[in-house]
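Engineer: You'll find start_18.pdb just under this line, and it carries PDB, C-alpha atoms, pLDDT in the B column.
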```
ATOM      1  CA  MET A   1     -26.626 -41.731  36.543  1.00 42.00           C
ATOM      2  CA  LYS A   2     -26.094 -39.072  39.202  1.00 43.00           C
ATOM      3  CA  ARG A   3     -26.838 -35.495  38.347  1.00 46.00           C
ATOM      4  CA  ALA A   4     -23.824 -33.263  38.796  1.00 44.00           C
ATOM      5  CA  LYS A   5     -24.561 -30.118  40.707  1.00 49.00           C
ATOM      6  CA  GLN A   6     -23.819 -26.944  38.783  1.00 53.00           C
ATOM      7  CA  SER A   7     -20.293 -25.773  39.542  1.00 59.00           C
ATOM      8  CA  GLN A   8     -19.570 -22.125  40.183  1.00 72.00           C
ATOM      9  CA  ILE A   9     -16.070 -20.709  39.912  1.00 79.00           C
ATOM     10  CA  ASP A  10     -14.720 -17.262  40.611  1.00 81.00           C
ATOM     11  CA  PHE A  11     -12.586 -16.842  37.501  1.00 82.00           C
ATOM     12  CA  ASN A  12     -10.774 -13.917  39.128  1.00 83.00           C
ATOM     13  CA  THR A  13      -8.974 -16.500  41.266  1.00 89.00           C
ATOM     14  CA  VAL A  14      -7.967 -18.809  38.386  1.00 92.00           C
ATOM     15  CA  HIS A  15      -4.211 -18.499  37.740  1.00 94.00           C
ATOM     16  CA  ILE A  16      -1.613 -20.675  36.061  1.00 96.00           C
ATOM     17  CA  GLN A  17       0.283 -20.842  39.368  1.00 95.00           C
ATOM     18  CA  ARG A  18      -2.593 -22.931  40.742  1.00 95.00           C
ATOM     19  CA  LEU A  19      -2.379 -25.505  37.955  1.00 96.00           C
ATOM     20  CA  GLU A  20      -1.522 -28.356  40.339  1.00 96.00           C
ATOM     21  CA  LEU A  21      -4.642 -27.583  42.391  1.00 96.00           C
ATOM     22  CA  TYR A  22      -6.835 -27.813  39.270  1.00 96.00           C
ATOM     23  CA  LEU A  23      -5.137 -31.032  38.229  1.00 96.00           C
ATOM     24  CA  GLU A  24      -5.801 -32.609  41.648  1.00 97.00           C
ATOM     25  CA  LYS A  25      -9.528 -32.097  41.097  1.00 97.00           C
ATOM     26  CA  PHE A  26      -9.435 -34.729  38.345  1.00 97.00           C
ATOM     27  CA  TYR A  27      -8.597 -37.389  40.948  1.00 96.00           C
ATOM     28  CA  ASP A  28     -11.727 -36.661  43.000  1.00 96.00           C
ATOM     29  CA  GLU A  29     -14.631 -39.115  42.741  1.00 96.00           C
ATOM     30  CA  ASP A  30     -17.170 -36.267  42.613  1.00 96.00           C
ATOM     31  CA  VAL A  31     -17.884 -35.333  38.991  1.00 96.00           C
ATOM     32  CA  SER A  32     -18.746 -31.742  39.972  1.00 95.00           C
ATOM     33  CA  VAL A  33     -15.228 -31.329  41.414  1.00 96.00           C
ATOM     34  CA  LYS A  34     -13.751 -32.638  38.156  1.00 97.00           C
ATOM     35  CA  THR A  35     -15.990 -30.202  36.276  1.00 97.00           C
ATOM     36  CA  GLU A  36     -14.599 -27.313  38.343  1.00 96.00           C
ATOM     37  CA  GLY A  37     -11.080 -28.423  37.403  1.00 96.00           C
ATOM     38  CA  ALA A  38     -12.077 -28.598  33.730  1.00 97.00           C
ATOM     39  CA  MET A  39     -13.653 -25.136  33.874  1.00 96.00           C
ATOM     40  CA  SER A  40     -10.458 -23.717  35.387  1.00 96.00           C
ATOM     41  CA  LEU A  41      -8.248 -25.337  32.742  1.00 97.00           C
ATOM     42  CA  LEU A  42     -10.496 -24.073  29.967  1.00 96.00           C
ATOM     43  CA  TYR A  43     -10.312 -20.562  31.404  1.00 96.00           C
ATOM     44  CA  LEU A  44      -6.511 -20.794  31.393  1.00 96.00           C
ATOM     45  CA  CYS A  45      -6.660 -21.583  27.660  1.00 94.00           C
ATOM     46  CA  PHE A  46      -7.729 -18.013  26.969  1.00 93.00           C
ATOM     47  CA  SER A  47      -4.010 -17.170  27.121  1.00 92.00           C
ATOM     48  CA  HIS A  48      -1.584 -18.632  24.589  1.00 90.00           C
ATOM     49  CA  GLU A  49       1.207 -18.404  27.158  1.00 93.00           C
ATOM     50  CA  ASN A  50      -0.822 -20.530  29.563  1.00 94.00           C
ATOM     51  CA  MET A  51      -1.533 -23.055  26.809  1.00 93.00           C
ATOM     52  CA  GLU A  52       2.172 -23.466  26.068  1.00 89.00           C
ATOM     53  CA  TYR A  53       2.981 -23.716  29.765  1.00 92.00           C
ATOM     54  CA  MET A  54       0.302 -26.370  30.273  1.00 93.00           C
ATOM     55  CA  LEU A  55       1.578 -28.322  27.281  1.00 87.00           C
ATOM     56  CA  SER A  56       4.939 -28.669  29.000  1.00 88.00           C
ATOM     57  CA  HIS A  57       3.334 -30.062  32.172  1.00 92.00           C
ATOM     58  CA  GLU A  58       4.375 -33.663  32.700  1.00 89.00           C
ATOM     59  CA  THR A  59       1.043 -35.263  33.657  1.00 93.00           C
ATOM     60  CA  LEU A  60      -1.656 -32.715  32.823  1.00 94.00           C
ATOM     61  CA  PHE A  61      -2.719 -33.960  29.403  1.00 91.00           C
ATOM     62  CA  GLY A  62      -2.532 -37.628  30.272  1.00 93.00           C
ATOM     63  CA  THR A  63      -4.750 -37.002  33.282  1.00 95.00           C
ATOM     64  CA  VAL A  64      -7.230 -34.808  31.428  1.00 96.00           C
ATOM     65  CA  SER A  65      -7.485 -37.119  28.407  1.00 96.00           C
ATOM     66  CA  ARG A  66      -7.947 -40.138  30.719  1.00 96.00           C
ATOM     67  CA  THR A  67     -10.708 -38.279  32.566  1.00 97.00           C
ATOM     68  CA  LEU A  68     -12.462 -37.545  29.281  1.00 97.00           C
ATOM     69  CA  ARG A  69     -12.160 -41.191  28.165  1.00 97.00           C
ATOM     70  CA  ASP A  70     -13.354 -42.573  31.511  1.00 97.00           C
ATOM     71  CA  ASP A  71     -16.026 -40.062  32.512  1.00 97.00           C
ATOM     72  CA  PHE A  72     -17.711 -38.754  29.356  1.00 97.00           C
ATOM     73  CA  LYS A  73     -20.745 -40.955  30.061  1.00 96.00           C
ATOM     74  CA  LYS A  74     -21.087 -39.619  33.615  1.00 96.00           C
ATOM     75  CA  SER A  75     -21.501 -35.900  32.948  1.00 96.00           C
ATOM     76  CA  ILE A  76     -22.345 -33.974  29.818  1.00 97.00           C
ATOM     77  CA  ASP A  77     -21.087 -30.766  31.480  1.00 97.00           C
ATOM     78  CA  LEU A  78     -17.680 -32.275  32.220  1.00 97.00           C
ATOM     79  CA  THR A  79     -17.545 -33.608  28.659  1.00 98.00           C
ATOM     80  CA  LEU A  80     -18.365 -30.186  27.229  1.00 98.00           C
ATOM     81  CA  TYR A  81     -15.639 -28.393  29.208  1.00 97.00           C
ATOM     82  CA  LEU A  82     -13.010 -31.012  28.413  1.00 98.00           C
ATOM     83  CA  LEU A  83     -13.896 -31.061  24.714  1.00 98.00           C
ATOM     84  CA  ASN A  84     -13.631 -27.268  24.669  1.00 98.00           C
ATOM     85  CA  PHE A  85     -10.220 -27.555  26.335  1.00 97.00           C
ATOM     86  CA  PHE A  86      -8.971 -29.939  23.648  1.00 97.00           C
ATOM     87  CA  GLN A  87     -10.691 -27.975  20.899  1.00 97.00           C
ATOM     88  CA  ALA A  88      -8.695 -24.898  21.977  1.00 96.00           C
ATOM     89  CA  TYR A  89      -5.503 -26.874  21.338  1.00 95.00           C
ATOM     90  CA  SER A  90      -6.830 -28.288  18.065  1.00 96.00           C
ATOM     91  CA  ASN A  91      -6.975 -24.750  16.642  1.00 94.00           C
ATOM     92  CA  PHE A  92      -3.167 -24.896  16.354  1.00 92.00           C
ATOM     93  CA  THR A  93      -1.712 -27.483  13.982  1.00 92.00           C
ATOM     94  CA  THR A  94       1.438 -27.672  16.089  1.00 89.00           C
ATOM     95  CA  PHE A  95      -0.606 -29.432  18.790  1.00 89.00           C
ATOM     96  CA  HIS A  96      -2.309 -31.971  16.502  1.00 92.00           C
ATOM     97  CA  GLU A  97       0.351 -34.632  16.940  1.00 90.00           C
ATOM     98  CA  TRP A  98       0.050 -34.322  20.683  1.00 88.00           C
ATOM     99  CA  LEU A  99      -3.765 -34.611  20.495  1.00 92.00           C
ATOM    100  CA  SER A 100      -3.439 -37.734  18.347  1.00 91.00           C
ATOM    101  CA  THR A 101      -0.957 -39.270  20.767  1.00 89.00           C
ATOM    102  CA  ASN A 102      -3.506 -38.827  23.565  1.00 89.00           C
ATOM    103  CA  GLN A 103      -6.271 -40.445  21.456  1.00 94.00           C
ATOM    104  CA  ILE A 104      -8.445 -37.343  21.524  1.00 96.00           C
ATOM    105  CA  GLY A 105      -9.884 -37.982  18.041  1.00 96.00           C
ATOM    106  CA  ASP A 106     -10.879 -41.544  18.944  1.00 97.00           C
ATOM    107  CA  THR A 107     -12.414 -40.439  22.245  1.00 97.00           C
ATOM    108  CA  THR A 108     -14.301 -37.649  20.467  1.00 98.00           C
ATOM    109  CA  MET A 109     -15.771 -40.163  18.009  1.00 98.00           C
ATOM    110  CA  LYS A 110     -16.922 -42.324  20.939  1.00 98.00           C
ATOM    111  CA  ILE A 111     -18.518 -39.267  22.560  1.00 98.00           C
ATOM    112  CA  ILE A 112     -20.416 -38.444  19.365  1.00 98.00           C
ATOM    113  CA  GLU A 113     -21.639 -42.030  19.086  1.00 98.00           C
ATOM    114  CA  HIS A 114     -22.697 -42.044  22.750  1.00 98.00           C
ATOM    115  CA  GLU A 115     -24.595 -38.755  22.453  1.00 97.00           C
ATOM    116  CA  ILE A 116     -26.458 -39.964  19.362  1.00 97.00           C
ATOM    117  CA  LYS A 117     -27.478 -43.162  21.175  1.00 97.00           C
ATOM    118  CA  ARG A 118     -28.504 -41.141  24.239  1.00 96.00           C
ATOM    119  CA  TYR A 119     -30.629 -38.840  22.085  1.00 96.00           C
ATOM    120  CA  ILE A 120     -32.397 -41.760  20.367  1.00 97.00           C
ATOM    121  CA  LEU A 121     -33.096 -43.419  23.725  1.00 97.00           C
ATOM    122  CA  ARG A 122     -34.420 -40.240  25.381  1.00 95.00           C
ATOM    123  CA  VAL A 123     -36.697 -39.399  22.453  1.00 95.00           C
ATOM    124  CA  LYS A 124     -38.004 -42.971  22.389  1.00 97.00           C
ATOM    125  CA  GLU A 125     -38.720 -42.807  26.141  1.00 95.00           C
ATOM    126  CA  PHE A 126     -40.449 -39.444  25.746  1.00 94.00           C
ATOM    127  CA  LYS A 127     -42.623 -40.761  22.907  1.00 95.00           C
ATOM    128  CA  GLN A 128     -43.606 -43.749  25.048  1.00 94.00           C
ATOM    129  CA  LYS A 129     -44.571 -41.465  27.927  1.00 91.00           C
ATOM    130  CA  SER A 130     -46.595 -39.328  25.515  1.00 91.00           C
ATOM    131  CA  GLU A 131     -48.459 -42.406  24.302  1.00 92.00           C
ATOM    132  CA  ASP A 132     -49.104 -43.434  27.908  1.00 88.00           C
ATOM    133  CA  LEU A 133     -50.508 -39.961  28.565  1.00 88.00           C
ATOM    134  CA  GLU A 134     -52.865 -40.198  25.589  1.00 88.00           C
ATOM    135  CA  ALA A 135     -54.080 -43.599  26.762  1.00 88.00           C
ATOM    136  CA  ALA A 136     -54.795 -42.207  30.235  1.00 86.00           C
ATOM    137  CA  GLN A 137     -57.012 -39.290  29.190  1.00 87.00           C
ATOM    138  CA  ASP A 138     -59.933 -40.547  31.237  1.00 84.00           C
ATOM    139  CA  SER A 139     -57.760 -41.345  34.253  1.00 85.00           C
ATOM    140  CA  PRO A 140     -58.238 -39.398  37.514  1.00 87.00           C
ATOM    141  CA  LYS A 141     -54.461 -38.773  37.515  1.00 86.00           C
ATOM    142  CA  PHE A 142     -54.508 -37.203  34.057  1.00 88.00           C
ATOM    143  CA  ALA A 143     -53.796 -33.669  35.340  1.00 88.00           C
ATOM    144  CA  GLU A 144     -50.781 -34.976  37.300  1.00 90.00           C
ATOM    145  CA  MET A 145     -49.562 -36.797  34.246  1.00 90.00           C
ATOM    146  CA  ILE A 146     -49.811 -33.659  32.111  1.00 91.00           C
ATOM    147  CA  GLU A 147     -47.695 -31.748  34.630  1.00 93.00           C
ATOM    148  CA  PHE A 148     -45.193 -34.607  34.701  1.00 92.00           C
ATOM    149  CA  MET A 149     -44.978 -34.542  30.889  1.00 94.00           C
ATOM    150  CA  ARG A 150     -44.353 -30.786  30.907  1.00 95.00           C
ATOM    151  CA  ARG A 151     -41.394 -31.325  33.246  1.00 96.00           C
ATOM    152  CA  GLU A 152     -40.163 -34.201  31.090  1.00 95.00           C
ATOM    153  CA  GLU A 153     -40.426 -32.038  27.983  1.00 95.00           C
ATOM    154  CA  LYS A 154     -38.342 -29.307  29.636  1.00 96.00           C
ATOM    155  CA  LYS A 155     -35.731 -31.884  30.723  1.00 95.00           C
ATOM    156  CA  LEU A 156     -35.551 -33.225  27.186  1.00 96.00           C
ATOM    157  CA  ALA A 157     -35.132 -29.723  25.760  1.00 96.00           C
ATOM    158  CA  VAL A 158     -32.276 -28.965  28.196  1.00 96.00           C
ATOM    159  CA  MET A 159     -30.578 -32.245  27.361  1.00 95.00           C
ATOM    160  CA  ILE A 160     -30.863 -31.604  23.623  1.00 96.00           C
ATOM    161  CA  LYS A 161     -29.424 -28.111  24.006  1.00 97.00           C
ATOM    162  CA  LYS A 162     -26.408 -29.471  25.929  1.00 97.00           C
ATOM    163  CA  GLN A 163     -25.961 -32.255  23.385  1.00 97.00           C
ATOM    164  CA  GLU A 164     -25.979 -29.742  20.555  1.00 97.00           C
ATOM    165  CA  LYS A 165     -23.158 -27.846  22.274  1.00 98.00           C
ATOM    166  CA  VAL A 166     -21.149 -31.036  22.816  1.00 98.00           C
ATOM    167  CA  LEU A 167     -21.632 -32.140  19.215  1.00 98.00           C
ATOM    168  CA  PHE A 168     -20.746 -28.684  17.874  1.00 98.00           C
ATOM    169  CA  VAL A 169     -17.437 -28.661  19.767  1.00 98.00           C
ATOM    170  CA  ALA A 170     -16.727 -32.323  18.964  1.00 98.00           C
ATOM    171  CA  PHE A 171     -17.205 -31.841  15.227  1.00 98.00           C
ATOM    172  CA  HIS A 172     -15.061 -28.700  15.215  1.00 97.00           C
ATOM    173  CA  LEU A 173     -12.329 -30.528  17.088  1.00 97.00           C
ATOM    174  CA  LEU A 174     -12.416 -33.354  14.541  1.00 97.00           C
ATOM    175  CA  LEU A 175     -12.453 -30.904  11.628  1.00 97.00           C
ATOM    176  CA  ASN A 176      -9.354 -29.215  13.037  1.00 96.00           C
ATOM    177  CA  LEU A 177      -7.594 -32.546  13.465  1.00 95.00           C
ATOM    178  CA  ALA A 178      -8.555 -33.558   9.898  1.00 94.00           C
ATOM    179  CA  GLU A 179      -6.434 -30.707   8.506  1.00 89.00           C
ATOM    180  CA  ASP A 180      -3.393 -32.966   8.863  1.00 79.00           C
ATOM    181  CA  LEU A 181      -4.887 -35.838   6.841  1.00 73.00           C
TER
END
```
Write the structure described by the file as structure tokens, please.
Structural biologist:
Amino acid sequence: MKRAKQSQIDFNTVHIQRLELYLEKFYDEDVSVKTEGAMSLLYLCFSHENMEYMLSHETLFGTVSRTLRDDFKKSIDLTLYLLNFFQAYSNFTTFHEWLSTNQIGDTTMKIIEHEIKRYILRVKEFKQKSEDLEAAQDSPKFAEMIEFMRREEKKLAVMIKKQEKVLFVAFHLLLNLAEDL
């Protein structure tokens, strides 16, 4: 899996009039470009007027929900921004039918399942590396291995922190959608 480079956006330049430009980013192969589009859309959600305007857009939600369904395994950052986008809409019961039509609840459940599996796998791998380190205590490369494990531990901590954010938003989105049941 490729690592997406961290996207930076000047939010002073994000305007609803540029909606088509943000939507085009979802057709790019580069996940970081899609993430920039998702960040821009999420920023637009800070205004209720923008949210209503975006809801009336012909292809926006189909494109964004398809991107979430197709790319959630490729980038946790993209997933987080898109889930936040849909979670903003889930705060209003008038949008729940629309979210259901676009299979957002189903996709969110798949994301939760994927993140749990990813967590289990990463922790298992980390434990195995820790056991390998213990077994290599007398090895001449032990100091290198300790440094490697420190980096791995930091990577794991970052991944867990991002997963916690994704799961927090995903569960809130589902709780909002459950109000209609």
Engineer: What lies within 9 Å of stretch 155-163 of chain A using only C-alpha atoms, ignoring chain neighbours under 2 positions off, as a ChimeraX atom specification?
Structural biologist: /A:76-77,80,115-116,119,122-123,126,150-153,165-168
Engineer: Give me a file of those residues, with C-alpha atoms, as a PDB file, in the coordinates of the input.
Structural biologist:
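Contents of the output file result_5.pdb:
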```
ATOM      1  CA  ILE A  76     -22.345 -33.974  29.818  1.00 97.00           C
ATOM      2  CA  ASP A  77     -21.087 -30.766  31.480  1.00 97.00           C
ATOM      3  CA  LEU A  80     -18.365 -30.186  27.229  1.00 98.00           C
ATOM      4  CA  GLU A 115     -24.595 -38.755  22.453  1.00 97.00           C
ATOM      5  CA  ILE A 116     -26.458 -39.964  19.362  1.00 97.00           C
ATOM      6  CA  TYR A 119     -30.629 -38.840  22.085  1.00 96.00           C
ATOM      7  CA  ARG A 122     -34.420 -40.240  25.381  1.00 95.00           C
ATOM      8  CA  VAL A 123     -36.697 -39.399  22.453  1.00 95.00           C
ATOM      9  CA  PHE A 126     -40.449 -39.444  25.746  1.00 94.00           C
ATOM     10  CA  ARG A 150     -44.353 -30.786  30.907  1.00 95.00           C
ATOM     11  CA  ARG A 151     -41.394 -31.325  33.246  1.00 96.00           C
ATOM     12  CA  GLU A 152     -40.163 -34.201  31.090  1.00 95.00           C
ATOM     13  CA  GLU A 153     -40.426 -32.038  27.983  1.00 95.00           C
ATOM     14  CA  LYS A 165     -23.158 -27.846  22.274  1.00 98.00           C
ATOM     15  CA  VAL A 166     -21.149 -31.036  22.816  1.00 98.00           C
ATOM     16  CA  LEU A 167     -21.632 -32.140  19.215  1.00 98.00           C
ATOM     17  CA  PHE A 168     -20.746 -28.684  17.874  1.00 98.00           C
TER      18      PHE A 168
END
```
Engineer: List the spatial neighbours of A:Leu177 as a VMD selection string - criterion: any atom at most 10 Å away, all atoms listed in the file, same-chain residues fewer than 5 positions off excluded.
Structural biologist: chain A and resid 87 89 to 93 95 to 97 99 to 100 104 to 105 171 to 172
Engineer: What's the 8 Å shell around stretch 39-46 of chain A, counting only C-alpha atoms, without same-chain residues fewer than 3 positions away, as an mmCIF file with C-alpha atoms, in the coordinates of the input?
Structural biologist:
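Output below, filename part08.cif:
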```cif
data_model
loop_
_atom_site.group_PDB
_atom_site.id
_atom_site.type_symbol
_atom_site.label_atom_id
_atom_site.label_comp_id
_atom_site.auth_asym_id
_atom_site.auth_seq_id
_atom_site.Cartn_x
_atom_site.Cartn_y
_atom_site.Cartn_z
ATOM 1 C CA ILE A 9 -16.070 -20.709 39.912
ATOM 2 C CA PHE A 11 -12.586 -16.842 37.501
ATOM 3 C CA VAL A 14 -7.967 -18.809 38.386
ATOM 4 C CA HIS A 15 -4.211 -18.499 37.740
ATOM 5 C CA ILE A 16 -1.613 -20.675 36.061
ATOM 6 C CA LEU A 19 -2.379 -25.505 37.955
ATOM 7 C CA TYR A 22 -6.835 -27.813 39.270
ATOM 8 C CA THR A 35 -15.990 -30.202 36.276
ATOM 9 C CA GLU A 36 -14.599 -27.313 38.343
ATOM 10 C CA ASN A 50 -0.822 -20.530 29.563
ATOM 11 C CA MET A 51 -1.533 -23.055 26.809
ATOM 12 C CA TYR A 81 -15.639 -28.393 29.208
ATOM 13 C CA LEU A 82 -13.010 -31.012 28.413
ATOM 14 C CA ASN A 84 -13.631 -27.268 24.669
ATOM 15 C CA PHE A 85 -10.220 -27.555 26.335
ATOM 16 C CA ALA A 88 -8.695 -24.898 21.977
#
```
Engineer: A:Leu133, A:Leu78, A:Leu55, A:Leu60: which is nearest A:Phe148, counting only C-alpha atoms?
Structural biologist: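 So, comparing all the options, the nearest one is A:Leu133.
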Engineer: Which centre and edge lengths in Å to one decimal define the box along x, y and z that fits every listed atom of stretch 53-69 of chain A plus 5 Å per side, as JSON?
Structural biologist:
```
{"center_x": -3.8, "center_y": -32.5, "center_z": 30.5, "size_x": 27.4, "size_y": 27.5, "size_z": 16.4}
```
Engineer: In Å, rounded to a single decimal, give me how far atom CA of A:Lys34 is from atom CA of A:Gln17.
Structural biologist: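 Separating atom CA of A:Gln17 from atom CA of A:Lys34 is a distance of 18.4 Å.
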Engineer: Might you spell out which residues the PyMOL selection byres ((chain A and resi 108) around 10) would select in the displayed file, as a PDB file with C-alpha atoms, in the frame of the given file?
Structural biologist:
```
ATOM      1  CA  LEU A  68     -12.462 -37.545  29.281  1.00 97.00           C
ATOM      2  CA  ARG A  69     -12.160 -41.191  28.165  1.00 97.00           C
ATOM      3  CA  PHE A  72     -17.711 -38.754  29.356  1.00 97.00           C
ATOM      4  CA  THR A  79     -17.545 -33.608  28.659  1.00 98.00           C
ATOM      5  CA  LEU A  83     -13.896 -31.061  24.714  1.00 98.00           C
ATOM      6  CA  PHE A  86      -8.971 -29.939  23.648  1.00 97.00           C
ATOM      7  CA  GLN A 103      -6.271 -40.445  21.456  1.00 94.00           C
ATOM      8  CA  ILE A 104      -8.445 -37.343  21.524  1.00 96.00           C
ATOM      9  CA  GLY A 105      -9.884 -37.982  18.041  1.00 96.00           C
ATOM     10  CA  ASP A 106     -10.879 -41.544  18.944  1.00 97.00           C
ATOM     11  CA  THR A 107     -12.414 -40.439  22.245  1.00 97.00           C
ATOM     12  CA  MET A 109     -15.771 -40.163  18.009  1.00 98.00           C
ATOM     13  CA  LYS A 110     -16.922 -42.324  20.939  1.00 98.00           C
ATOM     14  CA  ILE A 111     -18.518 -39.267  22.560  1.00 98.00           C
ATOM     15  CA  ILE A 112     -20.416 -38.444  19.365  1.00 98.00           C
ATOM     16  CA  GLU A 113     -21.639 -42.030  19.086  1.00 98.00           C
ATOM     17  CA  HIS A 114     -22.697 -42.044  22.750  1.00 98.00           C
ATOM     18  CA  VAL A 166     -21.149 -31.036  22.816  1.00 98.00           C
ATOM     19  CA  LEU A 167     -21.632 -32.140  19.215  1.00 98.00           C
ATOM     20  CA  VAL A 169     -17.437 -28.661  19.767  1.00 98.00           C
ATOM     21  CA  ALA A 170     -16.727 -32.323  18.964  1.00 98.00           C
ATOM     22  CA  PHE A 171     -17.205 -31.841  15.227  1.00 98.00           C
ATOM     23  CA  LEU A 173     -12.329 -30.528  17.088  1.00 97.00           C
ATOM     24  CA  LEU A 174     -12.416 -33.354  14.541  1.00 97.00           C
TER      25      LEU A 174
END
```
Engineer: Of the candidates A:Thr101, A:Thr94, A:Ser139, A:Thr59, which shows the shortest atom-to-atom distance to A:Leu23, using all atoms listed in the file?
Structural biologist: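 The shortest atom-to-atom distance to A:Leu23 comes from A:Thr59.
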Engineer: At what distance in Å, to one decimal, does atom CA of A:Asp71 lie from atom CA of A:Glu52?
Structural biologist: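 Atom CA of A:Glu52 sits 25.5 Å away from atom CA of A:Asp71.
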Engineer: Near A:Met149, counting only C-alpha atoms, which residues have an atom at most 12 Å away, once you skip same-chain residues fewer than 3 positions from it, shown as a PyMOL selection string?
Structural biologist: chain A and resi 125-134+142-146+152-156
Engineer: Provide the atom CA of A:Ser32 to atom CA of A:Gln8 distance in Å, to one decimal place.
Structural biologist: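 Separation between atom CA of A:Ser32 and atom CA of A:Gln8: 9.7 Å.
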